[in-house]
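The next block is work-v2.csv, given as CSV, C-alpha atoms and all ligand atoms.
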```csv
chain,number,residue,atom,x,y,z
A,287,MET,CA,101.3,29.0,-54.9
A,288,ARG,CA,103.5,32.0,-55.6
A,289,ASN,CA,101.5,35.1,-56.3
A,290,LYS,CA,103.3,37.3,-58.8
A,291,LEU,CA,105.1,40.4,-57.4
A,292,VAL,CA,106.0,43.5,-59.3
A,293,VAL,CA,108.3,46.0,-57.6
A,294,GLY,CA,109.3,49.4,-58.9
A,295,ASN,CA,112.9,50.5,-58.2
A,296,TRP,CA,112.9,54.3,-58.5
A,297,LYS,CA,116.6,54.5,-58.0
A,298,MET,CA,117.8,58.1,-57.4
A,299,HIS,CA,114.9,59.7,-59.3
A,300,GLY,CA,111.9,61.6,-58.2
A,301,SER,CA,110.7,64.8,-56.5
A,302,ARG,CA,107.7,65.4,-54.2
A,303,PRO,CA,105.4,66.5,-57.1
A,304,ALA,CA,106.6,63.8,-59.5
A,305,ASN,CA,106.2,61.1,-56.8
A,306,ALA,CA,102.7,62.2,-55.9
A,307,GLU,CA,101.7,62.1,-59.6
A,308,LEU,CA,103.2,58.7,-60.1
A,309,LEU,CA,101.6,57.2,-57.0
A,310,ALA,CA,98.2,58.7,-57.8
A,311,GLY,CA,98.4,57.0,-61.2
A,312,ILE,CA,99.3,53.6,-59.7
A,313,LEU,CA,96.6,53.9,-57.1
A,314,ALA,CA,94.0,54.9,-59.6
A,315,ALA,CA,94.5,51.7,-61.6
A,316,ARG,CA,93.8,49.4,-58.7
A,317,PRO,CA,92.9,46.6,-58.1
A,318,TYR,CA,95.9,44.5,-59.2
A,319,ALA,CA,95.9,40.7,-59.3
A,320,ALA,CA,99.7,40.7,-58.6
A,321,ASP,CA,101.3,42.0,-55.5
A,322,VAL,CA,102.7,45.5,-56.2
A,323,ALA,CA,105.2,47.6,-54.4
A,324,VAL,CA,107.5,50.6,-55.0
A,325,CYS,CA,111.0,51.1,-53.6
A,326,ALA,CA,111.5,54.9,-53.1
A,327,PRO,CA,114.6,56.9,-52.1
A,328,PHE,CA,115.0,57.1,-48.3
A,329,PRO,CA,113.8,60.8,-48.0
A,330,TYR,CA,110.5,60.0,-49.7
A,331,LEU,CA,109.6,56.9,-47.6
A,332,GLY,CA,107.5,58.9,-45.2
A,333,GLU,CA,105.3,60.5,-47.8
A,334,THR,CA,105.1,57.2,-49.8
A,335,ALA,CA,103.9,55.5,-46.7
A,336,VAL,CA,101.2,58.2,-46.2
A,337,ALA,CA,100.1,58.0,-49.9
A,338,LEU,CA,100.0,54.2,-49.9
A,339,ALA,CA,98.6,53.5,-46.4
A,340,ALA,CA,95.8,50.9,-46.5
A,341,SER,CA,96.0,50.8,-50.3
A,342,GLY,CA,97.2,47.2,-50.6
A,343,ILE,CA,100.3,48.5,-52.5
A,344,GLY,CA,103.5,48.0,-50.6
A,345,TRP,CA,106.6,50.2,-50.3
A,346,GLY,CA,110.2,49.6,-49.6
A,347,ALA,CA,113.7,50.9,-49.6
A,348,GLN,CA,116.6,50.4,-52.1
A,349,ASP,CA,119.2,49.4,-49.5
A,350,CYS,CA,119.5,48.7,-45.8
A,351,SER,CA,122.4,48.7,-43.4
A,352,ALA,CA,123.9,45.4,-42.2
A,353,HIS,CA,124.4,47.1,-38.8
A,354,GLU,CA,121.8,47.3,-36.1
A,355,GLN,CA,122.7,50.9,-35.0
A,356,GLY,CA,125.7,53.1,-34.2
A,357,ALA,CA,128.3,55.3,-35.7
A,358,TYR,CA,127.7,54.5,-39.4
A,359,THR,CA,127.2,57.9,-41.0
A,360,GLY,CA,124.8,57.9,-43.9
A,361,GLU,CA,123.5,54.4,-43.3
A,362,VAL,CA,119.8,53.5,-42.7
A,363,SER,CA,119.0,50.6,-40.5
A,364,ALA,CA,116.4,47.8,-41.0
A,365,ALA,CA,114.7,48.9,-37.8
A,366,MET,CA,114.2,52.4,-39.2
A,367,LEU,CA,112.8,50.9,-42.4
A,368,ALA,CA,110.4,48.8,-40.4
A,369,GLU,CA,109.3,52.0,-38.5
A,370,CYS,CA,108.6,53.6,-41.9
A,371,GLY,CA,106.3,50.6,-42.7
A,372,CYS,CA,108.6,49.2,-45.4
A,373,ARG,CA,107.6,45.7,-46.5
A,374,TYR,CA,110.7,45.3,-48.7
A,375,ALA,CA,114.4,46.4,-49.0
A,376,ILE,CA,116.4,45.8,-52.1
A,377,VAL,CA,119.8,44.5,-51.2
A,378,GLY,CA,122.8,43.8,-53.5
A,379,HIS,CA,121.5,45.7,-56.5
A,380,SER,CA,124.3,45.5,-59.1
A,381,GLU,CA,124.7,49.3,-59.0
A,382,ARG,CA,125.6,49.0,-55.3
A,383,ARG,CA,127.8,46.0,-55.9
A,384,ALA,CA,129.6,48.0,-58.7
A,385,TYR,CA,129.7,51.5,-57.3
A,386,HIS,CA,129.9,50.8,-53.6
A,387,ALA,CA,132.0,47.6,-53.7
A,388,GLU,CA,129.4,45.5,-51.9
A,389,SER,CA,130.5,41.9,-51.5
A,390,ASP,CA,128.3,38.8,-51.5
A,391,SER,CA,128.9,38.5,-47.7
A,392,LEU,CA,127.9,42.1,-47.0
A,393,VAL,CA,124.7,41.6,-49.1
A,394,ALA,CA,123.9,38.5,-47.1
A,395,ASP,CA,124.4,40.4,-43.8
A,396,LYS,CA,122.0,43.1,-45.1
A,397,ALA,CA,119.4,40.5,-46.0
A,398,ALA,CA,119.7,39.0,-42.4
A,399,ALA,CA,119.4,42.5,-40.9
A,400,ALA,CA,116.2,43.2,-42.9
A,401,LEU,CA,114.6,39.8,-42.1
A,402,ALA,CA,115.4,40.3,-38.4
A,403,HIS,CA,113.1,43.4,-38.5
A,404,GLY,CA,110.3,41.9,-40.5
A,405,VAL,CA,111.4,43.6,-43.8
A,406,THR,CA,111.6,41.2,-46.8
A,407,PRO,CA,114.9,41.6,-48.5
A,408,ILE,CA,114.9,41.5,-52.3
A,409,VAL,CA,118.3,39.9,-52.9
A,410,CYS,CA,119.6,40.8,-56.3
A,411,VAL,CA,121.9,38.5,-58.3
A,412,GLY,CA,123.2,38.8,-61.9
A,413,GLU,CA,126.1,38.3,-64.2
A,414,THR,CA,128.0,40.9,-66.2
A,415,LEU,CA,128.2,40.6,-70.0
A,416,ALA,CA,131.8,39.3,-69.8
A,417,GLU,CA,130.7,36.6,-67.4
A,418,ARG,CA,127.8,35.6,-69.6
A,419,ASP,CA,130.1,35.5,-72.7
A,420,ALA,CA,132.5,33.3,-70.7
A,421,GLY,CA,129.7,30.9,-70.0
A,422,ARG,CA,129.8,31.6,-66.3
A,423,THR,CA,126.2,32.9,-65.7
A,424,GLU,CA,124.9,30.1,-63.6
A,425,GLU,CA,128.2,29.8,-61.6
A,426,VAL,CA,128.1,33.5,-60.8
A,427,VAL,CA,124.5,33.7,-59.7
A,428,ALA,CA,124.8,30.5,-57.7
A,429,ARG,CA,127.8,32.0,-55.8
A,430,GLN,CA,125.9,35.2,-55.1
A,431,LEU,CA,122.8,33.3,-53.9
A,432,ALA,CA,124.9,30.8,-51.9
A,433,ALA,CA,126.2,33.6,-49.7
A,434,ALA,CA,122.6,34.5,-48.6
A,435,ILE,CA,121.8,30.8,-48.2
A,436,ASP,CA,124.8,30.2,-46.0
A,437,LYS,CA,124.1,33.2,-43.8
A,438,LEU,CA,120.3,32.6,-43.5
A,439,GLY,CA,119.8,28.9,-43.5
A,440,GLU,CA,116.1,28.0,-43.3
A,441,ARG,CA,115.3,31.7,-43.1
A,442,VAL,CA,116.2,32.0,-46.8
A,443,ALA,CA,112.5,30.9,-47.4
A,444,GLY,CA,111.6,34.5,-46.3
A,445,ILE,CA,113.5,36.4,-49.0
A,446,VAL,CA,112.6,37.4,-52.5
A,447,VAL,CA,115.3,37.0,-55.2
A,448,ALA,CA,115.7,39.2,-58.2
A,449,TYR,CA,117.7,37.9,-61.2
A,450,GLU,CA,119.0,41.0,-62.9
A,451,PRO,CA,121.6,40.4,-65.7
A,452,VAL,CA,123.9,43.4,-65.4
A,453,TRP,CA,124.0,43.8,-69.1
A,454,ALA,CA,120.2,44.2,-69.3
A,455,ILE,CA,119.8,46.9,-66.6
A,456,GLY,CA,118.9,50.3,-68.1
A,457,THR,CA,120.4,49.3,-71.5
A,458,GLY,CA,117.2,48.4,-73.4
A,459,ARG,CA,118.6,44.9,-73.8
A,460,THR,CA,116.5,42.3,-72.2
A,461,ALA,CA,117.3,38.6,-71.6
A,462,THR,CA,115.1,36.5,-73.8
A,463,PRO,CA,112.3,34.7,-71.9
A,464,ALA,CA,114.2,31.5,-72.5
A,465,GLN,CA,117.5,32.9,-71.2
A,466,ALA,CA,115.8,34.3,-68.1
A,467,GLN,CA,113.8,31.1,-67.4
A,468,GLN,CA,117.0,29.0,-67.6
A,469,VAL,CA,118.6,31.0,-64.8
A,470,HIS,CA,115.4,31.2,-62.8
A,471,ARG,CA,115.1,27.4,-62.9
A,472,ALA,CA,118.7,27.0,-61.6
A,473,LEU,CA,118.1,29.5,-58.8
A,474,ARG,CA,114.8,27.7,-57.9
A,475,ALA,CA,116.6,24.4,-57.7
A,476,GLN,CA,119.3,25.9,-55.5
A,477,LEU,CA,116.7,27.4,-53.1
A,478,GLN,CA,114.7,24.1,-53.0
A,479,ALA,CA,117.8,22.2,-52.1
A,480,ALA,CA,118.7,24.7,-49.4
A,481,ALA,CA,115.6,25.1,-47.3
A,482,ALA,CA,112.3,23.4,-46.7
A,483,GLY,CA,110.4,26.5,-47.9
A,484,GLY,CA,112.9,27.4,-50.6
A,485,GLY,CA,110.7,26.4,-53.5
A,486,GLY,CA,108.2,29.0,-52.5
A,487,VAL,CA,110.7,31.9,-52.7
A,488,ARG,CA,109.6,34.4,-55.4
A,489,ILE,CA,112.2,35.0,-58.1
A,490,LEU,CA,111.7,38.2,-60.0
A,491,TYR,CA,113.3,39.1,-63.3
A,492,GLY,CA,114.8,42.6,-63.8
A,493,GLY,CA,116.5,44.2,-66.7
A,494,SER,CA,114.7,46.5,-69.2
A,495,VAL,CA,111.3,45.1,-68.5
A,496,LYS,CA,108.7,47.1,-70.5
A,497,PRO,CA,105.0,46.9,-71.2
A,498,ASP,CA,105.6,45.1,-74.5
A,499,ASN,CA,107.9,42.3,-73.1
A,500,ALA,CA,106.5,41.8,-69.6
A,501,ALA,CA,103.8,39.3,-70.3
A,502,GLU,CA,106.1,36.9,-72.1
A,503,LEU,CA,108.8,37.1,-69.4
A,504,PHE,CA,106.2,36.7,-66.6
A,505,GLY,CA,104.6,33.8,-68.4
A,506,GLN,CA,107.7,31.6,-67.8
A,507,PRO,CA,107.2,29.0,-65.2
A,508,ASP,CA,109.9,30.1,-62.8
A,509,ILE,CA,109.5,33.9,-63.3
A,510,ASP,CA,107.4,35.2,-60.4
A,511,GLY,CA,107.2,38.9,-61.5
A,512,GLY,CA,109.7,41.7,-62.0
A,513,LEU,CA,111.9,44.3,-60.5
A,514,ILE,CA,111.4,47.3,-62.7
A,515,GLY,CA,113.7,50.3,-63.0
A,516,GLY,CA,113.2,52.9,-65.8
A,517,ALA,CA,109.6,51.8,-66.7
A,518,SER,CA,108.5,52.2,-63.0
A,519,LEU,CA,108.8,56.0,-63.3
A,520,LYS,CA,105.9,56.4,-65.6
A,521,ALA,CA,102.6,55.3,-64.1
A,522,VAL,CA,101.1,54.2,-67.4
A,523,ASP,CA,104.0,51.9,-68.1
A,524,PHE,CA,104.3,50.6,-64.6
A,525,VAL,CA,100.6,49.9,-64.4
A,526,ALA,CA,100.7,48.0,-67.8
A,527,ILE,CA,103.6,45.9,-66.4
A,528,CYS,CA,101.7,45.1,-63.2
A,529,ARG,CA,98.7,44.1,-65.3
A,530,ALA,CA,100.9,41.8,-67.4
A,531,ALA,CA,101.7,39.9,-64.2
A,532,GLY,CA,98.2,38.8,-63.7
B,601,LIG,C1,116.8,47.8,-62.0
B,601,LIG,O1,117.6,48.8,-61.8
B,601,LIG,O2,116.5,47.1,-61.0
B,601,LIG,C2,116.3,47.6,-63.3
B,601,LIG,C3,115.8,46.5,-63.6
B,601,LIG,O3,116.4,48.7,-64.2
B,601,LIG,P1,115.7,48.8,-65.7
B,601,LIG,O4,114.3,48.2,-65.6
B,601,LIG,O5,115.8,50.2,-66.0
B,601,LIG,O6,116.6,48.0,-66.6
```
Show how you would write the structure in this file as structure tokens.
Ligand code: PEP
Amino acid sequence: MRNKLVVGNWKMHGSRPANAELLAGILAARPYAADVAVCAPFPYLGETAVALAASGIGWGAQDCSAHEQGAYTGEVSAAMLAECGCRYAIVGHSERRAYHAESDSLVADKAAAALAHGVTPIVCVGETLAERDAGRTEEVVARQLAAAIDKLGERVAGIVVAYEPVWAIGTGRTATPAQAQQVHRALRAQLQAAAAGGGGVRILYGGSVKPDNAAELFGQPDIDGGLIGGASLKAVDFVAICRAAG
């Protein structure tokens, strides 16, 4: 049984007062039937941990180094995230793949580093509009996921996958529930074939999820919740999306 999971990706947004107000709104609307978490910018992880401690709501980071420790200026290790109480780390978000040239194999290494420290990696996959138009969607996401499967083997059962079509992120364009379900079904089959527990991996949909489209997306058989960008910055919207998950 895969309990639904809704994760807010704050990206590079927020401030101490804005975060406190947002978290207070999310906390006030408890309880949630779905699992709920927020992925905050690194400098805010400490205060997010304090605000959410013992609340049942998880928190996480938006990236994680593939390295254990050392001379990697600007990087943050999985061990540090674990010390901050992070339950999750997003890895391979399309913005990092595009703006920081992250390869499939680097993303797989980051996922392995997170898992080694008890932090669940949320491995993002997704095609560009050109790739979709060329009919290559399933080939592209299969290649991206295969890198994680090859690296992790049976440990892949411990990850979360987020299918985020690049053309739907922050654009207001959403994959139709049928389009998203088709890709999720293919990812599920790939995970099932790869590892004994692969069928239990939660696969989130991300890309302009809003309160008015969340329920239909989350109602698809292979969509286990969402990774939410813009709409996770407003408590009333994020709470409505969490409620739509169950
Ligand atoms: C994201 O960045 O992970 C995302 C899904 O963004 P948005 O919801 O704003 O499209």
For this session: Let me have all residues with an atom within 10 Å of ligand LIG 601 (chain B), counting all atoms listed in the file, laid out as a VMD selection string.
Result: chain A and resid 293 to 297 348 376 379 to 381 410 448 to 460 490 to 496 512 to 519
For this session: Could you check how far atom CA of A:Met287 sits from atom CA of A:Ala399, in Å to one decimal?
Result: 26.6 Å
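Closest approach to A:Thr406 among A:His470, A:Lys290, A:Arg488, A:Arg382: A:Arg488, based on all atoms listed in the file.
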Exercise. Out of A:Ala339, A:Ala500, A:Val362, A:Lys520, which residue has the shortest atom-to-atom distance to A:Gly300 when counting all atoms listed in the file?
Worked result: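 Of A:Ala339, A:Ala500, A:Val362, A:Lys520, the one nearest A:Gly300, counting all atoms listed in the file, is A:Lys520.
The gap separating atom CA of A:Gly371 from atom CA of A:Ala434 is 23.7 Å, in Å to one decimal.
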When you write stretch 431-463 of chain A out from the block above, keep N, CA and C atoms and present the result as an mmCIF file, in the first residue's frame, please.
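That gives us result-v1.cif:
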```cif
data_model
loop_
_atom_site.group_PDB
_atom_site.id
_atom_site.type_symbol
_atom_site.label_atom_id
_atom_site.label_comp_id
_atom_site.auth_asym_id
_atom_site.auth_seq_id
_atom_site.Cartn_x
_atom_site.Cartn_y
_atom_site.Cartn_z
ATOM 1 N N LEU A 431 15.834 7.153 -15.276
ATOM 2 C CA LEU A 431 15.599 6.255 -14.139
ATOM 3 C C LEU A 431 16.583 5.086 -14.145
ATOM 4 N N ALA A 432 16.946 4.619 -15.329
ATOM 5 C CA ALA A 432 17.872 3.476 -15.422
ATOM 6 C C ALA A 432 19.211 3.791 -14.766
ATOM 7 N N ALA A 433 19.642 5.043 -14.848
ATOM 8 C CA ALA A 433 20.921 5.405 -14.222
ATOM 9 C C ALA A 433 20.841 5.174 -12.715
ATOM 10 N N ALA A 434 19.719 5.528 -12.110
ATOM 11 C CA ALA A 434 19.555 5.310 -10.661
ATOM 12 C C ALA A 434 19.443 3.819 -10.360
ATOM 13 N N ILE A 435 18.712 3.097 -11.193
ATOM 14 C CA ILE A 435 18.553 1.653 -10.979
ATOM 15 C C ILE A 435 19.906 0.950 -11.083
ATOM 16 N N ASP A 436 20.689 1.300 -12.101
ATOM 17 C CA ASP A 436 21.994 0.656 -12.288
ATOM 18 C C ASP A 436 22.902 0.907 -11.094
ATOM 19 N N LYS A 437 22.841 2.112 -10.580
ATOM 20 C CA LYS A 437 23.714 2.461 -9.452
ATOM 21 C C LYS A 437 23.240 1.811 -8.144
ATOM 22 N N LEU A 438 21.924 1.784 -7.942
ATOM 23 C CA LEU A 438 21.397 1.403 -6.628
ATOM 24 C C LEU A 438 21.031 -0.068 -6.513
ATOM 25 N N GLY A 439 20.766 -0.744 -7.605
ATOM 26 C CA GLY A 439 20.329 -2.146 -7.521
ATOM 27 C C GLY A 439 19.072 -2.255 -6.666
ATOM 28 N N GLU A 440 19.068 -3.211 -5.759
ATOM 29 C CA GLU A 440 17.879 -3.442 -4.918
ATOM 30 C C GLU A 440 17.549 -2.238 -4.039
ATOM 31 N N ARG A 441 18.558 -1.393 -3.776
ATOM 32 C CA ARG A 441 18.302 -0.216 -2.920
ATOM 33 C C ARG A 441 17.362 0.778 -3.587
ATOM 34 N N VAL A 442 17.099 0.582 -4.876
ATOM 35 C CA VAL A 442 16.203 1.516 -5.562
ATOM 36 C C VAL A 442 14.806 1.500 -4.927
ATOM 37 N N ALA A 443 14.504 0.420 -4.229
ATOM 38 C CA ALA A 443 13.194 0.335 -3.550
ATOM 39 C C ALA A 443 13.044 1.425 -2.484
ATOM 40 N N GLY A 444 14.152 2.041 -2.079
ATOM 41 C CA GLY A 444 14.103 3.058 -1.026
ATOM 42 C C GLY A 444 13.983 4.485 -1.524
ATOM 43 N N ILE A 445 13.842 4.675 -2.831
ATOM 44 C CA ILE A 445 13.773 6.043 -3.345
ATOM 45 C C ILE A 445 12.312 6.461 -3.550
ATOM 46 N N VAL A 446 12.137 7.748 -3.810
ATOM 47 C CA VAL A 446 10.880 8.273 -4.350
ATOM 48 C C VAL A 446 11.235 8.805 -5.732
ATOM 49 N N VAL A 447 10.360 8.631 -6.701
ATOM 50 C CA VAL A 447 10.577 9.176 -8.047
ATOM 51 C C VAL A 447 9.595 10.328 -8.257
ATOM 52 N N ALA A 448 10.042 11.385 -8.900
ATOM 53 C CA ALA A 448 9.116 12.457 -9.296
ATOM 54 C C ALA A 448 9.175 12.596 -10.807
ATOM 55 N N TYR A 449 8.031 12.359 -11.454
ATOM 56 C CA TYR A 449 7.947 12.604 -12.902
ATOM 57 C C TYR A 449 7.517 14.053 -13.100
ATOM 58 N N GLU A 450 8.430 14.837 -13.664
ATOM 59 C CA GLU A 450 8.160 16.256 -13.868
ATOM 60 C C GLU A 450 8.479 16.636 -15.311
ATOM 61 N N PRO A 451 7.466 16.641 -16.188
ATOM 62 C CA PRO A 451 7.734 17.075 -17.556
ATOM 63 C C PRO A 451 8.263 18.508 -17.527
ATOM 64 N N VAL A 452 9.406 18.731 -18.159
ATOM 65 C CA VAL A 452 10.075 20.036 -18.063
ATOM 66 C C VAL A 452 9.159 21.149 -18.567
ATOM 67 N N TRP A 453 8.368 20.846 -19.589
ATOM 68 C CA TRP A 453 7.492 21.844 -20.191
ATOM 69 C C TRP A 453 6.319 22.216 -19.300
ATOM 70 N N ALA A 454 6.139 21.495 -18.203
ATOM 71 C CA ALA A 454 5.007 21.781 -17.306
ATOM 72 C C ALA A 454 5.459 22.480 -16.027
ATOM 73 N N ILE A 455 6.769 22.639 -15.844
ATOM 74 C CA ILE A 455 7.253 23.200 -14.577
ATOM 75 C C ILE A 455 7.214 24.714 -14.617
ATOM 76 N N GLY A 456 6.411 25.284 -13.739
ATOM 77 C CA GLY A 456 6.343 26.739 -13.597
ATOM 78 C C GLY A 456 5.739 27.434 -14.804
ATOM 79 N N THR A 457 5.114 26.675 -15.696
ATOM 80 C CA THR A 457 4.608 27.275 -16.935
ATOM 81 C C THR A 457 3.101 27.456 -16.910
ATOM 82 N N GLY A 458 2.441 26.827 -15.937
ATOM 83 C CA GLY A 458 0.981 26.832 -15.932
ATOM 84 C C GLY A 458 0.416 25.737 -16.827
ATOM 85 N N ARG A 459 1.264 25.077 -17.612
ATOM 86 C CA ARG A 459 0.807 23.938 -18.433
ATOM 87 C C ARG A 459 0.963 22.676 -17.614
ATOM 88 N N THR A 460 -0.067 21.875 -17.543
ATOM 89 C CA THR A 460 -0.001 20.632 -16.777
ATOM 90 C C THR A 460 -0.185 19.467 -17.733
ATOM 91 N N ALA A 461 0.531 18.382 -17.486
ATOM 92 C CA ALA A 461 0.228 17.173 -18.246
ATOM 93 C C ALA A 461 -1.211 16.779 -17.920
ATOM 94 N N THR A 462 -1.943 16.277 -18.890
ATOM 95 C CA THR A 462 -3.285 15.790 -18.563
ATOM 96 C C THR A 462 -3.119 14.578 -17.647
ATOM 97 N N PRO A 463 -4.139 14.276 -16.849
ATOM 98 C CA PRO A 463 -4.039 13.086 -16.000
ATOM 99 C C PRO A 463 -3.692 11.839 -16.818
#
```
